[in-house]
$ cat final04.cif   # mmCIF, C-alpha atoms
data_start
#
loop_
_atom_site.group_PDB
_atom_site.id
_atom_site.type_symbol
_atom_site.label_atom_id
_atom_site.label_comp_id
_atom_site.auth_asym_id
_atom_site.auth_seq_id
_atom_site.Cartn_x
_atom_site.Cartn_y
_atom_site.Cartn_z
ATOM 1 C CA MET Y 1 56.069 130.135 215.978
ATOM 2 C CA THR Y 2 54.855 132.532 213.262
ATOM 3 C CA ASP Y 3 54.675 131.607 209.580
ATOM 4 C CA TYR Y 4 57.653 133.874 208.947
ATOM 5 C CA GLU Y 5 59.670 132.132 211.666
ATOM 6 C CA LYS Y 6 58.732 128.736 210.168
ATOM 7 C CA LEU Y 7 59.976 129.896 206.762
ATOM 8 C CA LEU Y 8 63.192 131.196 208.345
ATOM 9 C CA SER Y 9 63.628 127.801 210.002
ATOM 10 C CA ASN Y 10 63.028 126.071 206.652
ATOM 11 C CA ALA Y 11 65.675 128.299 205.072
ATOM 12 C CA ASN Y 12 68.124 127.604 207.886
ATOM 13 C CA ASP Y 13 67.512 123.840 207.660
ATOM 14 C CA ASN Y 14 68.439 124.039 203.960
ATOM 15 C CA ASN Y 15 71.520 126.249 204.470
ATOM 16 C CA VAL Y 16 69.825 129.272 202.897
ATOM 17 C CA THR Y 17 70.984 132.540 204.452
ATOM 18 C CA VAL Y 18 68.280 135.200 204.842
ATOM 19 C CA TYR Y 19 68.966 138.920 205.156
ATOM 20 C CA ASP Y 20 65.595 140.363 206.081
ATOM 21 C CA ASP Y 21 66.618 144.008 206.350
ATOM 22 C CA TYR Y 22 68.302 144.533 202.994
ATOM 23 C CA ASN Y 23 68.305 147.940 201.304
ATOM 24 C CA LEU Y 24 66.529 147.420 197.970
ATOM 25 C CA LYS Y 25 65.225 150.997 197.857
ATOM 26 C CA GLY Y 26 64.868 152.619 194.486
ATOM 27 C CA THR Y 27 63.557 149.356 193.034
ATOM 28 C CA ARG Y 28 60.207 147.623 193.008
ATOM 29 C CA ILE Y 29 61.974 144.450 194.095
ATOM 30 C CA LYS Y 30 60.814 143.082 197.430
ATOM 31 C CA GLY Y 31 63.167 140.106 197.553
ATOM 32 C CA LEU Y 32 65.939 138.329 195.692
ATOM 33 C CA TYR Y 33 67.347 134.804 195.751
ATOM 34 C CA CYS Y 34 70.859 134.010 194.568
ATOM 35 C CA ASP Y 35 73.123 131.043 195.333
ATOM 36 C CA GLY Y 36 71.728 130.080 198.717
ATOM 37 C CA THR Y 37 71.062 133.630 199.892
ATOM 38 C CA VAL Y 38 67.785 135.528 200.183
ATOM 39 C CA ALA Y 39 67.625 139.298 200.534
ATOM 40 C CA ILE Y 40 64.332 140.791 201.720
ATOM 41 C CA SER Y 41 63.693 144.501 201.348
ATOM 42 C CA ASN Y 42 63.763 146.600 204.493
ATOM 43 C CA SER Y 43 60.786 148.518 203.080
ATOM 44 C CA LEU Y 44 58.447 145.672 204.064
ATOM 45 C CA ARG Y 45 56.593 146.617 207.223
ATOM 46 C CA THR Y 46 55.000 143.439 208.550
ATOM 47 C CA GLN Y 47 56.004 139.842 209.125
ATOM 48 C CA LYS Y 48 53.027 138.903 206.946
ATOM 49 C CA GLU Y 49 54.575 140.773 203.987
ATOM 50 C CA LYS Y 50 58.020 139.344 204.735
ATOM 51 C CA ALA Y 51 56.588 135.810 204.910
ATOM 52 C CA CYS Y 52 54.948 136.165 201.486
ATOM 53 C CA VAL Y 53 58.199 137.417 199.948
ATOM 54 C CA LEU Y 54 60.346 134.818 201.715
ATOM 55 C CA ALA Y 55 58.014 132.042 200.560
ATOM 56 C CA GLU Y 56 58.474 133.109 196.937
ATOM 57 C CA GLU Y 57 62.244 133.390 197.302
ATOM 58 C CA LEU Y 58 62.369 129.916 198.873
ATOM 59 C CA GLY Y 59 60.277 128.818 195.899
ATOM 60 C CA HIS Y 60 63.204 129.913 193.735
ATOM 61 C CA PHE Y 61 65.575 127.907 195.932
ATOM 62 C CA TYR Y 62 63.457 124.782 195.428
ATOM 63 C CA THR Y 63 62.439 125.214 191.779
ATOM 64 C CA SER Y 64 64.772 127.564 189.862
ATOM 65 C CA THR Y 65 68.216 127.342 188.339
ATOM 66 C CA GLY Y 66 70.486 130.012 186.913
ATOM 67 C CA ASN Y 67 69.890 133.706 186.420
ATOM 68 C CA ILE Y 68 66.233 134.276 185.604
ATOM 69 C CA LEU Y 69 66.110 138.069 185.866
ATOM 70 C CA ASP Y 70 65.412 138.544 182.131
ATOM 71 C CA MET Y 71 61.629 138.122 181.933
ATOM 72 C CA SER Y 72 61.653 138.387 178.130
ATOM 73 C CA ASP Y 73 62.951 134.789 178.141
ATOM 74 C CA THR Y 74 60.131 132.217 178.170
ATOM 75 C CA GLY Y 75 62.118 129.746 180.272
ATOM 76 C CA ASN Y 76 62.746 132.387 182.909
ATOM 77 C CA ARG Y 77 59.055 133.283 183.065
ATOM 78 C CA LYS Y 78 58.220 129.594 183.551
ATOM 79 C CA GLN Y 79 60.721 129.321 186.404
ATOM 80 C CA GLU Y 80 59.242 132.452 187.996
ATOM 81 C CA ALA Y 81 55.765 130.935 187.721
ATOM 82 C CA ARG Y 82 56.962 127.661 189.324
ATOM 83 C CA ALA Y 83 58.546 129.545 192.235
ATOM 84 C CA ARG Y 84 55.378 131.538 192.788
ATOM 85 C CA LEU Y 85 53.220 128.399 192.632
ATOM 86 C CA TRP Y 86 55.480 126.818 195.253
ATOM 87 C CA ALA Y 87 54.945 129.882 197.468
ATOM 88 C CA TYR Y 88 51.165 129.932 196.894
ATOM 89 C CA ASN Y 89 50.898 126.241 197.733
ATOM 90 C CA ARG Y 90 53.048 126.727 200.842
ATOM 91 C CA GLN Y 91 51.193 129.760 202.173
ATOM 92 C CA VAL Y 92 47.637 129.276 200.828
ATOM 93 C CA GLY Y 93 46.938 126.026 198.976
ATOM 94 C CA LEU Y 94 43.591 124.656 197.916
ATOM 95 C CA GLN Y 95 43.232 123.093 201.350
ATOM 96 C CA GLY Y 96 43.845 126.501 202.903
ATOM 97 C CA ILE Y 97 41.007 127.953 200.837
ATOM 98 C CA ILE Y 98 38.753 125.117 202.010
ATOM 99 C CA ASN Y 99 39.840 125.742 205.611
ATOM 100 C CA CYS Y 100 38.806 129.391 205.186
ATOM 101 C CA TYR Y 101 35.360 128.192 204.110
ATOM 102 C CA LYS Y 102 35.157 125.916 207.151
ATOM 103 C CA ALA Y 103 36.185 128.845 209.372
ATOM 104 C CA ASN Y 104 33.326 130.934 207.902
ATOM 105 C CA CYS Y 105 35.604 133.454 206.199
ATOM 106 C CA ARG Y 106 33.357 135.410 203.861
ATOM 107 C CA THR Y 107 35.622 138.075 202.359
ATOM 108 C CA LEU Y 108 39.096 138.063 200.826
ATOM 109 C CA HIS Y 109 40.198 140.212 203.750
ATOM 110 C CA ASP Y 110 38.946 137.573 206.212
ATOM 111 C CA MET Y 111 40.640 134.818 204.208
ATOM 112 C CA ALA Y 112 43.958 136.658 204.010
ATOM 113 C CA ASP Y 113 43.818 137.322 207.736
ATOM 114 C CA TYR Y 114 42.996 133.679 208.487
ATOM 115 C CA LEU Y 115 45.830 132.437 206.238
ATOM 116 C CA ASN Y 116 48.222 135.123 207.507
ATOM 117 C CA VAL Y 117 49.047 136.408 204.021
ATOM 118 C CA THR Y 118 48.523 139.753 202.342
ATOM 119 C CA GLU Y 119 45.384 140.291 200.290
ATOM 120 C CA ALA Y 120 47.534 140.893 197.193
ATOM 121 C CA PHE Y 121 49.309 137.553 197.721
ATOM 122 C CA LEU Y 122 45.968 135.772 198.183
ATOM 123 C CA ASN Y 123 44.533 137.382 195.042
ATOM 124 C CA ASP Y 124 47.628 136.328 193.086
ATOM 125 C CA ALA Y 125 47.333 132.778 194.445
ATOM 126 C CA ILE Y 126 43.666 132.546 193.440
ATOM 127 C CA GLU Y 127 44.484 133.849 189.952
ATOM 128 C CA CYS Y 128 47.310 131.306 189.667
ATOM 129 C CA TYR Y 129 44.960 128.480 190.676
ATOM 130 C CA ARG Y 130 42.352 129.764 188.188
ATOM 131 C CA SER Y 131 44.991 129.580 185.445
ATOM 132 C CA LYS Y 132 46.109 126.122 186.513
ATOM 133 C CA TYR Y 133 42.751 124.444 187.203
ATOM 134 C CA GLY Y 134 40.284 126.383 185.065
ATOM 135 C CA ILE Y 135 36.737 126.950 186.260
ATOM 136 C CA SER Y 136 36.913 124.619 189.273
ATOM 137 C CA VAL Y 137 38.735 121.735 190.909
ATOM 138 C CA GLN Y 138 37.528 119.020 193.268
ATOM 139 C CA VAL Y 139 39.463 118.368 196.472
ATOM 140 C CA ASP Y 140 38.045 115.448 198.446
ATOM 141 C CA ASN Y 141 34.375 116.319 199.031
ATOM 142 C CA TYR Y 142 34.746 120.018 198.141
ATOM 143 C CA VAL Y 143 34.684 121.902 194.872
ATOM 144 C CA VAL Y 144 36.788 125.049 194.753
ATOM 145 C CA GLY Y 145 35.435 127.242 191.972
ATOM 146 C CA PHE Y 146 37.145 130.216 190.411
ATOM 147 C CA GLN Y 147 34.612 131.604 187.944
ATOM 148 C CA PRO Y 148 32.763 133.908 187.976
ATOM 149 C CA SER Y 149 34.361 134.455 191.396
ATOM 150 C CA LEU Y 150 35.834 132.303 194.132
ATOM 151 C CA TYR Y 151 33.384 129.854 195.699
ATOM 152 C CA ILE Y 152 33.439 126.615 197.703
ATOM 153 C CA MET Y 153 30.831 123.870 197.495
ATOM 154 C CA GLU Y 154 30.693 120.961 199.878
ATOM 155 C CA LEU Y 155 29.560 117.703 198.269
ATOM 156 C CA PHE Y 156 27.305 115.374 200.237
ATOM 157 C CA GLU Y 157 26.590 111.745 199.426
#

$ encode --input "final04.cif" --output "structure tokens"
Amino acid sequence: MTDYEKLLSNANDNNVTVYDDYNLKGTRIKGLYCDGTVAISNSLRTQKEKACVLAEELGHFYTSTGNILDMSDTGNRKQEARARLWAYNRQVGLQGIINCYKANCRTLHDMADYLNVTEAFLNDAIECYRSKYGISVQVDNYVVGFQPSLYIMELFE
């Protein structure tokens, strides 16, 4: 089962209807969530792209309330950030970054391929984690560092 199919199953299990061939042309919008329904743009070419968008829209299902389209409102921006963090944790996660290290991924392209996400989504996830954790964060016996660039250190006793 692909990541996209797993997300579709998650949506179905939670009574969220997904339209994955919705005409959102003429907008930069790739997906929308409203009242238990997700619309995904038919301009997306790959399941990898669709999975990234669906993950964020499910993030809205799990973390958002009300109409948050007006990004000039601070509360709406916070809800958008929470939904995106949910998606990043679902599709990438700190453990996913560590797993990339263990799998000898050396470039962002390799990491995105390993995690089955787009490079843009991975870059956004790393930037989100940098904002949340600062310079670095320890996960078990690994340090995931974000500055000056992404790095992983394994700690030995």

$ closest_residue --input "final04.cif" --among "Y:Ser149, Y:Asn141, Y:Thr74, Y:Gln91" --to "Y:Leu122" --atoms "all atoms listed in the file"
Y:Gln91

$ resolve_selection --input "final04.cif" --expression "the PyMOL selection byres ((chain Y and resi 63) around 8)" --output "list in words"
Gly59, His60, Phe61, Tyr62, Ser64, Thr65, Gln79, Arg82, Ala83 and Trp86 of chain Y

$ residues_around --input "final04.cif" --residues "Y:Leu58" --least-positions-apart "5" --cutoff "8 Å" --atoms "all atoms listed in the file" --output "list in words"
Ala11, Tyr33, Val38, Ala83 and Ala87 of chain Y

$ atom_distance --input "final04.cif" --atom1 "atom CA of Y:Arg28" --atom2 "atom CA of Y:Cys128"
21.1 Å

$ closest_residue --input "final04.cif" --among "Y:Ala81, Y:Ser43, Y:Ile135, Y:Leu155" --to "Y:Ile68" --atoms "all atoms listed in the file"
Y:Ala81

$ resolve_selection --input "final04.cif" --expression "the PyMOL selection byres ((chain Y and resi 17-26) around 9)" --output "VMD selection string"
chain Y and resid 8 11 to 12 14 to 16 27 to 31 36 to 44 50 54

$ resolve_selection --input "final04.cif" --expression "the PyMOL selection byres ((chain Y and resi 113) around 12)" --output "NGL selection string"
:Y and (48-49 or 91-92 or 96-97 or 100 or 103 or 105-112 or 114-122)

$ decode --input "final04.cif" --residues "stretch 71-121 of chain Y" --atoms "C-alpha atoms" --output "PDB file, in the first residue's frame"
ATOM      1  CA  MET Y  71      -3.938  34.561   6.619  1.00  0.00           C
ATOM      2  CA  SER Y  72      -3.828  38.128   7.960  1.00  0.00           C
ATOM      3  CA  ASP Y  73      -5.383  36.705  11.152  1.00  0.00           C
ATOM      4  CA  THR Y  74      -2.757  35.454  13.624  1.00  0.00           C
ATOM      5  CA  GLY Y  75      -4.980  32.637  14.888  1.00  0.00           C
ATOM      6  CA  ASN Y  76      -5.495  31.368  11.360  1.00  0.00           C
ATOM      7  CA  ARG Y  77      -1.756  31.384  10.677  1.00  0.00           C
ATOM      8  CA  LYS Y  78      -1.205  29.370  13.869  1.00  0.00           C
ATOM      9  CA  GLN Y  79      -3.804  26.809  12.796  1.00  0.00           C
ATOM     10  CA  GLU Y  80      -2.151  26.571   9.370  1.00  0.00           C
ATOM     11  CA  ALA Y  81       1.214  25.994  11.046  1.00  0.00           C
ATOM     12  CA  ARG Y  82      -0.265  23.253  13.288  1.00  0.00           C
ATOM     13  CA  ALA Y  83      -1.795  21.477  10.282  1.00  0.00           C
ATOM     14  CA  ARG Y  84       1.491  21.616   8.412  1.00  0.00           C
ATOM     15  CA  LEU Y  85       3.419  20.336  11.441  1.00  0.00           C
ATOM     16  CA  TRP Y  86       0.973  17.431  11.666  1.00  0.00           C
ATOM     17  CA  ALA Y  87       1.661  16.653   7.990  1.00  0.00           C
ATOM     18  CA  TYR Y  88       5.451  16.979   8.385  1.00  0.00           C
ATOM     19  CA  ASN Y  89       5.424  14.676  11.400  1.00  0.00           C
ATOM     20  CA  ARG Y  90       3.222  12.174   9.552  1.00  0.00           C
ATOM     21  CA  GLN Y  91       5.250  12.111   6.344  1.00  0.00           C
ATOM     22  CA  VAL Y  92       8.801  12.929   7.531  1.00  0.00           C
ATOM     23  CA  GLY Y  93       9.319  13.229  11.289  1.00  0.00           C
ATOM     24  CA  LEU Y  94      12.589  13.435  13.152  1.00  0.00           C
ATOM     25  CA  GLN Y  95      12.730   9.647  13.161  1.00  0.00           C
ATOM     26  CA  GLY Y  96      12.318   9.679   9.388  1.00  0.00           C
ATOM     27  CA  ILE Y  97      15.316  11.994   9.081  1.00  0.00           C
ATOM     28  CA  ILE Y  98      17.322   9.626  11.287  1.00  0.00           C
ATOM     29  CA  ASN Y  99      16.175   6.674   9.164  1.00  0.00           C
ATOM     30  CA  CYS Y 100      17.482   8.508   6.083  1.00  0.00           C
ATOM     31  CA  TYR Y 101      20.863   8.794   7.802  1.00  0.00           C
ATOM     32  CA  LYS Y 102      20.809   5.078   8.614  1.00  0.00           C
ATOM     33  CA  ALA Y 103      19.929   4.328   4.976  1.00  0.00           C
ATOM     34  CA  ASN Y 104      22.975   6.363   3.844  1.00  0.00           C
ATOM     35  CA  CYS Y 105      20.937   9.083   2.144  1.00  0.00           C
ATOM     36  CA  ARG Y 106      23.389  11.887   1.461  1.00  0.00           C
ATOM     37  CA  THR Y 107      21.369  14.484  -0.454  1.00  0.00           C
ATOM     38  CA  LEU Y 108      17.951  16.071   0.010  1.00  0.00           C
ATOM     39  CA  HIS Y 109      16.920  14.365  -3.217  1.00  0.00           C
ATOM     40  CA  ASP Y 110      17.902  10.965  -1.778  1.00  0.00           C
ATOM     41  CA  MET Y 111      16.075  11.745   1.466  1.00  0.00           C
ATOM     42  CA  ALA Y 112      12.906  12.877  -0.298  1.00  0.00           C
ATOM     43  CA  ASP Y 113      12.981   9.756  -2.444  1.00  0.00           C
ATOM     44  CA  TYR Y 114      13.514   7.521   0.594  1.00  0.00           C
ATOM     45  CA  LEU Y 115      10.668   9.214   2.507  1.00  0.00           C
ATOM     46  CA  ASN Y 116       8.439   9.309  -0.586  1.00  0.00           C
ATOM     47  CA  VAL Y 117       7.815  13.055  -0.346  1.00  0.00           C
ATOM     48  CA  THR Y 118       8.629  15.933  -2.657  1.00  0.00           C
ATOM     49  CA  GLU Y 119      11.859  17.840  -2.124  1.00  0.00           C
ATOM     50  CA  ALA Y 120       9.853  21.027  -1.496  1.00  0.00           C
ATOM     51  CA  PHE Y 121       7.826  19.270   1.221  1.00  0.00           C
TER      52      PHE Y 121
END
